[in-house]
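Down below is the structure, laid out as structure tokens.
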Amino acid sequence: VFLPSSYPSPLIMGNSSTTHLPDSSNRSSEGSNPKGNPKSRHGRIHFPSSNRKKTVLNRPTQNIREIYTLGKELGRGQFGVTRICTNKSTGEVLACKSISKRSFTCREDVEDVRSEVQILESISGKSPNIVKFIGAYEDAHSVHLVMQFCSGGELFDRIVSRGKYSEIAASASCKTIVEVIRTCHLNGIMHRDLKPENFLLLNKDDDAPLMAIDFGLSTFFKPGECSTHPTCVYNM
């Protein structure tokens with residue numbers, strides 16, 4: 001059902017041998033920039049701005065390091081880094097994606113992060129197969145998104161390691177994916193980046209549940225609206 005592409009997987013963080021966590025920090029393709037100017041997620045080149053130090057979440061938050069211990073780096077992308085984080089009070093192991101404010105080169109980049117947080121807050125808990133969002137934190141340098149930790153790796157890597165899926169196993173995975181899409185659409189959300197790399201296994205078991213991640217390209221929609229986004233052009 002899923003055929004791995006012949007070109008390298010466009011992983012958000014790290015490489016295909018790394019355990020990947022919910023992340024959308026690498027929203028745009030990485031290309032060379034001969035003039036050395038930062039390139040925004042929206043493909044436009046801008047000069048650095050002092051506005052990066054302004055608040056992104058538009059609300060005060062606790063210092064993330066007062067609540068969590070940030071541990072092992074699990075992957076790094078163009079706009080941020082994903083780490084293991086542990087709740088100091090409960091010992092719960094989670095994932096923390098830290099998006100560097102240095103990557104914000106235009107207003108739309110900031111709005112993208114705000115939208116991602118709103119969507120995660122809206123959809124979290126609505127499906128057992130969508131990663132749980134714990135909370136968002138902000139400091140002078142980064143926006144930190146804390147989420148459920150999925151230790152089983154990507155569906156893409158599972159497909160590659162197996163070599164092939166039986167019809168029964170493939171149909172079960174497809175059923176889960178369609179149910180995730182249905183949940184998103186019922187809640188007025190288009191994911192817009194569905195691919196095997198954006199489904200993680202909750203654990204390393206053979207029958208581990210699939211978990212949808214990476215809502216960085218997602219958007220809210222209303223019935224009848226037409227999406228003109230390059231990754232998704234069709235009438236809802």
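In the structure tokens, chains take the letters A, B, ... in the order shown, each chain's residues start at 1, and ligands count up from 1 in the order shown.
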
Exercise for review: Report the residues of segment 68-195 of chain A whose backbone DSSP state falls under strand (DSSP E or B), written as a PyMOL selection string.
Suggested key: chain A and resi 68-76+80-87+93-100+130+133-138+142-148+154+189-190

For Phe220 of chain A, work out the shell of residues within 10 Å, counting only C-alpha atoms and skipping chain neighbours fewer than 5 positions away, then give it as an mmCIF file with N, CA, C and O atoms, in the first residue's frame.
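What follows is the written file around30.cif:
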data_model
loop_
_atom_site.group_PDB
_atom_site.id
_atom_site.type_symbol
_atom_site.label_atom_id
_atom_site.label_comp_id
_atom_site.auth_asym_id
_atom_site.auth_seq_id
_atom_site.Cartn_x
_atom_site.Cartn_y
_atom_site.Cartn_z
ATOM 1 N N SER A 115 -0.451 28.741 14.830
ATOM 2 C CA SER A 115 -1.493 27.879 14.272
ATOM 3 C C SER A 115 -1.256 26.423 14.653
ATOM 4 O O SER A 115 -2.205 25.698 14.996
ATOM 5 N N GLN A 118 -2.408 25.914 18.195
ATOM 6 C CA GLN A 118 -3.872 25.914 18.273
ATOM 7 C C GLN A 118 -4.457 24.603 17.763
ATOM 8 O O GLN A 118 -5.397 24.051 18.360
ATOM 9 N N ILE A 119 -3.912 24.093 16.680
ATOM 10 C CA ILE A 119 -4.418 22.840 16.105
ATOM 11 C C ILE A 119 -4.125 21.667 17.031
ATOM 12 O O ILE A 119 -4.981 20.812 17.263
ATOM 13 N N CYS A 184 -9.791 14.362 12.013
ATOM 14 C CA CYS A 184 -9.324 15.710 11.698
ATOM 15 C C CYS A 184 -10.403 16.509 10.970
ATOM 16 O O CYS A 184 -10.708 17.653 11.335
ATOM 17 N N HIS A 185 -11.018 15.906 9.952
ATOM 18 C CA HIS A 185 -12.014 16.622 9.161
ATOM 19 C C HIS A 185 -13.266 16.936 9.963
ATOM 20 O O HIS A 185 -13.865 18.003 9.796
ATOM 21 N N ASN A 187 -13.283 17.727 12.926
ATOM 22 C CA ASN A 187 -12.921 18.843 13.795
ATOM 23 C C ASN A 187 -12.415 20.051 13.012
ATOM 24 O O ASN A 187 -11.801 20.954 13.581
ATOM 25 N N GLY A 188 -12.694 20.048 11.695
ATOM 26 C CA GLY A 188 -12.365 21.207 10.877
ATOM 27 C C GLY A 188 -10.887 21.405 10.635
ATOM 28 O O GLY A 188 -10.411 22.538 10.499
ATOM 29 N N ILE A 189 -10.133 20.308 10.566
ATOM 30 C CA ILE A 189 -8.688 20.391 10.382
ATOM 31 C C ILE A 189 -8.265 19.574 9.171
ATOM 32 O O ILE A 189 -8.693 18.431 9.009
ATOM 33 N N MET A 190 -7.436 20.161 8.312
ATOM 34 C CA MET A 190 -6.761 19.429 7.241
ATOM 35 C C MET A 190 -5.307 19.232 7.638
ATOM 36 O O MET A 190 -4.626 20.201 7.988
ATOM 37 N N HIS A 191 -4.832 17.991 7.599
ATOM 38 C CA HIS A 191 -3.451 17.723 7.976
ATOM 39 C C HIS A 191 -2.478 18.234 6.918
ATOM 40 O O HIS A 191 -1.474 18.877 7.235
#

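When only C-alpha atoms are used to compute distances to Lys132 of chain A, the closest of the residues A:Val160, A:Ala208, A:Ser103, A:Met147 turns out to be A:Met147.
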
Using only C-alpha atoms, determine which residues lie at most 12 Å from Thr61 of chain A, disregarding the query and same-chain residues fewer than 4 positions distant; provide the list as a PDB file with N, CA and C atoms, in the first residue's frame.
ATOM      1  N   THR A  55       7.113  37.971  21.842  1.00  0.00           N
ATOM      2  CA  THR A  55       6.398  36.752  22.196  1.00  0.00           C
ATOM      3  C   THR A  55       5.704  36.139  20.989  1.00  0.00           C
ATOM      4  N   VAL A  56       5.717  34.825  20.922  1.00  0.00           N
ATOM      5  CA  VAL A  56       5.067  34.093  19.848  1.00  0.00           C
ATOM      6  C   VAL A  56       3.701  33.593  20.298  1.00  0.00           C
ATOM      7  N   LEU A  57       3.641  33.054  21.500  1.00  0.00           N
ATOM      8  CA  LEU A  57       2.408  32.442  21.996  1.00  0.00           C
ATOM      9  C   LEU A  57       1.389  33.462  22.503  1.00  0.00           C
ATOM     10  N   ARG A  65      12.187  24.585  31.894  1.00  0.00           N
ATOM     11  CA  ARG A  65      13.214  23.872  32.652  1.00  0.00           C
ATOM     12  C   ARG A  65      12.885  23.766  34.134  1.00  0.00           C
ATOM     13  N   GLU A  66      11.872  24.498  34.580  1.00  0.00           N
ATOM     14  CA  GLU A  66      11.392  24.325  35.944  1.00  0.00           C
ATOM     15  C   GLU A  66      10.498  23.098  36.074  1.00  0.00           C
ATOM     16  N   ILE A  67       9.937  22.644  34.957  1.00  0.00           N
ATOM     17  CA  ILE A  67       8.993  21.523  34.963  1.00  0.00           C
ATOM     18  C   ILE A  67       9.624  20.255  34.415  1.00  0.00           C
ATOM     19  N   GLY A 135       1.716  20.508  26.164  1.00  0.00           N
ATOM     20  CA  GLY A 135       1.720  21.948  26.407  1.00  0.00           C
ATOM     21  C   GLY A 135       2.785  22.675  25.613  1.00  0.00           C
ATOM     22  N   ALA A 136       2.639  24.009  25.541  1.00  0.00           N
ATOM     23  CA  ALA A 136       3.584  24.864  24.825  1.00  0.00           C
ATOM     24  C   ALA A 136       4.221  25.837  25.809  1.00  0.00           C
ATOM     25  N   TYR A 137       5.507  26.055  25.635  1.00  0.00           N
ATOM     26  CA  TYR A 137       6.270  26.949  26.493  1.00  0.00           C
ATOM     27  C   TYR A 137       7.129  27.846  25.605  1.00  0.00           C
ATOM     28  N   GLU A 138       7.483  28.995  26.156  1.00  0.00           N
ATOM     29  CA  GLU A 138       8.272  29.936  25.370  1.00  0.00           C
ATOM     30  C   GLU A 138       9.283  30.620  26.261  1.00  0.00           C
ATOM     31  N   ASP A 139      10.493  30.786  25.735  1.00  0.00           N
ATOM     32  CA  ASP A 139      11.495  31.602  26.400  1.00  0.00           C
ATOM     33  C   ASP A 139      12.076  32.580  25.392  1.00  0.00           C
ATOM     34  N   ALA A 140      13.158  33.219  25.738  1.00  0.00           N
ATOM     35  CA  ALA A 140      13.701  34.269  24.874  1.00  0.00           C
ATOM     36  C   ALA A 140      14.223  33.729  23.557  1.00  0.00           C
ATOM     37  N   VAL A 143      10.460  28.379  21.098  1.00  0.00           N
ATOM     38  CA  VAL A 143       9.131  27.900  21.481  1.00  0.00           C
ATOM     39  C   VAL A 143       9.249  26.387  21.644  1.00  0.00           C
ATOM     40  N   HIS A 144       8.778  25.872  22.779  1.00  0.00           N
ATOM     41  CA  HIS A 144       8.927  24.458  23.102  1.00  0.00           C
ATOM     42  C   HIS A 144       7.550  23.782  23.093  1.00  0.00           C
ATOM     43  N   LEU A 145       7.411  22.734  22.316  1.00  0.00           N
ATOM     44  CA  LEU A 145       6.172  21.969  22.239  1.00  0.00           C
ATOM     45  C   LEU A 145       6.406  20.596  22.865  1.00  0.00           C
TER      46      LEU A 145
END

Point to revise | Which of segment 72-224 of chain A DSSP labels alpha helix (DSSP H), written as a VMD selection string | key: chain A and resid 107 to 123 155 to 162 167 to 186

**Study point:** Contacts of Val117 of chain A at 10 Å (only C-alpha atoms; same-chain gap of 3+ positions) as a ChimeraX atom specification
**Key:** /A:57,111-114,120-122,133,135-136,145,215-216

Kindly export the residues of the current selection with all heavy atoms, as an mmCIF file, in the first residue's frame.
data_model
loop_
_atom_site.group_PDB
_atom_site.id
_atom_site.type_symbol
_atom_site.label_atom_id
_atom_site.label_comp_id
_atom_site.auth_asym_id
_atom_site.auth_seq_id
_atom_site.Cartn_x
_atom_site.Cartn_y
_atom_site.Cartn_z
ATOM 1 N N LEU A 57 3.641 33.054 21.500
ATOM 2 C CA LEU A 57 2.408 32.442 21.996
ATOM 3 C C LEU A 57 1.389 33.462 22.503
ATOM 4 O O LEU A 57 0.247 33.113 22.784
ATOM 5 C CB LEU A 57 2.740 31.447 23.104
ATOM 6 C CG LEU A 57 3.641 30.271 22.695
ATOM 7 C CD1 LEU A 57 3.925 29.372 23.896
ATOM 8 C CD2 LEU A 57 3.005 29.465 21.571
ATOM 9 N N GLU A 111 3.122 33.064 12.645
ATOM 10 C CA GLU A 111 1.731 32.622 12.579
ATOM 11 C C GLU A 111 1.644 31.108 12.390
ATOM 12 O O GLU A 111 0.721 30.465 12.896
ATOM 13 C CB GLU A 111 1.009 33.331 11.429
ATOM 14 C CG GLU A 111 0.803 34.827 11.659
ATOM 15 C CD GLU A 111 -0.021 35.119 12.900
ATOM 16 O OE1 GLU A 111 -0.918 34.317 13.221
ATOM 17 O OE2 GLU A 111 0.255 36.151 13.560
ATOM 18 N N ASP A 112 2.596 30.528 11.655
ATOM 19 C CA ASP A 112 2.615 29.071 11.474
ATOM 20 C C ASP A 112 2.726 28.353 12.810
ATOM 21 O O ASP A 112 2.037 27.359 13.061
ATOM 22 C CB ASP A 112 3.797 28.660 10.584
ATOM 23 C CG ASP A 112 3.510 28.869 9.104
ATOM 24 O OD1 ASP A 112 2.360 29.177 8.750
ATOM 25 O OD2 ASP A 112 4.455 28.726 8.312
ATOM 26 N N VAL A 113 3.626 28.842 13.662
ATOM 27 C CA VAL A 113 3.822 28.198 14.964
ATOM 28 C C VAL A 113 2.585 28.377 15.838
ATOM 29 O O VAL A 113 2.135 27.440 16.508
ATOM 30 C CB VAL A 113 5.080 28.751 15.659
ATOM 31 C CG1 VAL A 113 5.229 28.145 17.053
ATOM 32 C CG2 VAL A 113 6.315 28.440 14.827
ATOM 33 N N ARG A 114 2.019 29.568 15.841
ATOM 34 C CA ARG A 114 0.788 29.795 16.613
ATOM 35 C C ARG A 114 -0.330 28.873 16.145
ATOM 36 O O ARG A 114 -1.058 28.287 16.943
ATOM 37 C CB ARG A 114 0.355 31.252 16.469
ATOM 38 C CG ARG A 114 1.235 32.249 17.201
ATOM 39 C CD ARG A 114 0.804 33.671 16.906
ATOM 40 N NE ARG A 114 1.662 34.647 17.570
ATOM 41 C CZ ARG A 114 1.746 35.916 17.238
ATOM 42 N NH1 ARG A 114 1.003 36.378 16.218
ATOM 43 N NH2 ARG A 114 2.542 36.735 17.895
ATOM 44 N N LEU A 120 -2.909 21.617 17.583
ATOM 45 C CA LEU A 120 -2.573 20.544 18.517
ATOM 46 C C LEU A 120 -3.477 20.577 19.742
ATOM 47 O O LEU A 120 -3.938 19.536 20.222
ATOM 48 C CB LEU A 120 -1.106 20.654 18.929
ATOM 49 C CG LEU A 120 -0.078 20.246 17.870
ATOM 50 C CD1 LEU A 120 1.321 20.672 18.296
ATOM 51 C CD2 LEU A 120 -0.136 18.746 17.631
ATOM 52 N N GLU A 121 -3.739 21.763 20.265
ATOM 53 C CA GLU A 121 -4.636 21.889 21.417
ATOM 54 C C GLU A 121 -6.051 21.447 21.056
ATOM 55 O O GLU A 121 -6.752 20.838 21.870
ATOM 56 C CB GLU A 121 -4.650 23.341 21.916
ATOM 57 C CG GLU A 121 -3.351 23.772 22.577
ATOM 58 C CD GLU A 121 -3.330 25.254 22.923
ATOM 59 O OE1 GLU A 121 -4.116 26.027 22.336
ATOM 60 O OE2 GLU A 121 -2.515 25.638 23.779
ATOM 61 N N SER A 122 -6.455 21.741 19.818
ATOM 62 C CA SER A 122 -7.814 21.418 19.385
ATOM 63 C C SER A 122 -8.016 19.927 19.150
ATOM 64 O O SER A 122 -9.067 19.374 19.496
ATOM 65 C CB SER A 122 -8.137 22.191 18.102
ATOM 66 O OG SER A 122 -9.381 21.807 17.559
ATOM 67 N N PHE A 133 -0.907 16.147 22.858
ATOM 68 C CA PHE A 133 -0.184 17.393 23.083
ATOM 69 C C PHE A 133 -0.261 17.733 24.563
ATOM 70 O O PHE A 133 -1.342 17.773 25.151
ATOM 71 C CB PHE A 133 -0.811 18.507 22.244
ATOM 72 C CG PHE A 133 -0.132 19.834 22.392
ATOM 73 C CD1 PHE A 133 1.184 19.996 22.009
ATOM 74 C CD2 PHE A 133 -0.822 20.925 22.888
ATOM 75 C CE1 PHE A 133 1.811 21.228 22.129
ATOM 76 C CE2 PHE A 133 -0.207 22.152 23.014
ATOM 77 C CZ PHE A 133 1.116 22.312 22.634
ATOM 78 N N GLY A 135 1.716 20.508 26.164
ATOM 79 C CA GLY A 135 1.720 21.948 26.407
ATOM 80 C C GLY A 135 2.785 22.675 25.613
ATOM 81 O O GLY A 135 3.712 22.071 25.066
ATOM 82 N N ALA A 136 2.639 24.009 25.541
ATOM 83 C CA ALA A 136 3.584 24.864 24.825
ATOM 84 C C ALA A 136 4.221 25.837 25.809
ATOM 85 O O ALA A 136 3.553 26.372 26.705
ATOM 86 C CB ALA A 136 2.876 25.625 23.714
ATOM 87 N N LEU A 145 7.411 22.734 22.316
ATOM 88 C CA LEU A 145 6.172 21.969 22.239
ATOM 89 C C LEU A 145 6.406 20.596 22.865
ATOM 90 O O LEU A 145 7.222 19.819 22.377
ATOM 91 C CB LEU A 145 5.715 21.820 20.789
ATOM 92 C CG LEU A 145 5.598 23.119 19.974
ATOM 93 C CD1 LEU A 145 5.065 22.811 18.578
ATOM 94 C CD2 LEU A 145 4.719 24.131 20.680
ATOM 95 N N PHE A 215 1.739 18.442 12.692
ATOM 96 C CA PHE A 215 0.634 19.275 12.227
ATOM 97 C C PHE A 215 1.126 20.670 11.815
ATOM 98 O O PHE A 215 0.361 21.621 11.804
ATOM 99 C CB PHE A 215 -0.425 19.373 13.321
ATOM 100 C CG PHE A 215 -1.221 18.096 13.484
ATOM 101 C CD1 PHE A 215 -0.707 17.031 14.207
ATOM 102 C CD2 PHE A 215 -2.468 17.955 12.893
ATOM 103 C CE1 PHE A 215 -1.425 15.849 14.350
ATOM 104 C CE2 PHE A 215 -3.196 16.782 13.030
ATOM 105 C CZ PHE A 215 -2.666 15.723 13.760
ATOM 106 N N GLY A 216 2.404 20.749 11.454
ATOM 107 C CA GLY A 216 2.981 22.041 11.094
ATOM 108 C C GLY A 216 2.440 22.636 9.812
ATOM 109 O O GLY A 216 2.462 23.847 9.629
#

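Closest approach to Ser127 of chain A among A:Glu225, A:Glu108, A:Asp214, A:Glu179 is made by A:Glu179 (distances from only C-alpha atoms).
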
**Study point:** Residue with smallest distance to Glu197 of chain A - pool A:Gly224, A:Gly91, A:Gly75, A:Gly153, counting only C-alpha atoms
**Key:** A:Gly153

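In this structure, atom CA of Gly125 of chain A sits 17.0 Å away from atom CA of Leu201 of chain A.
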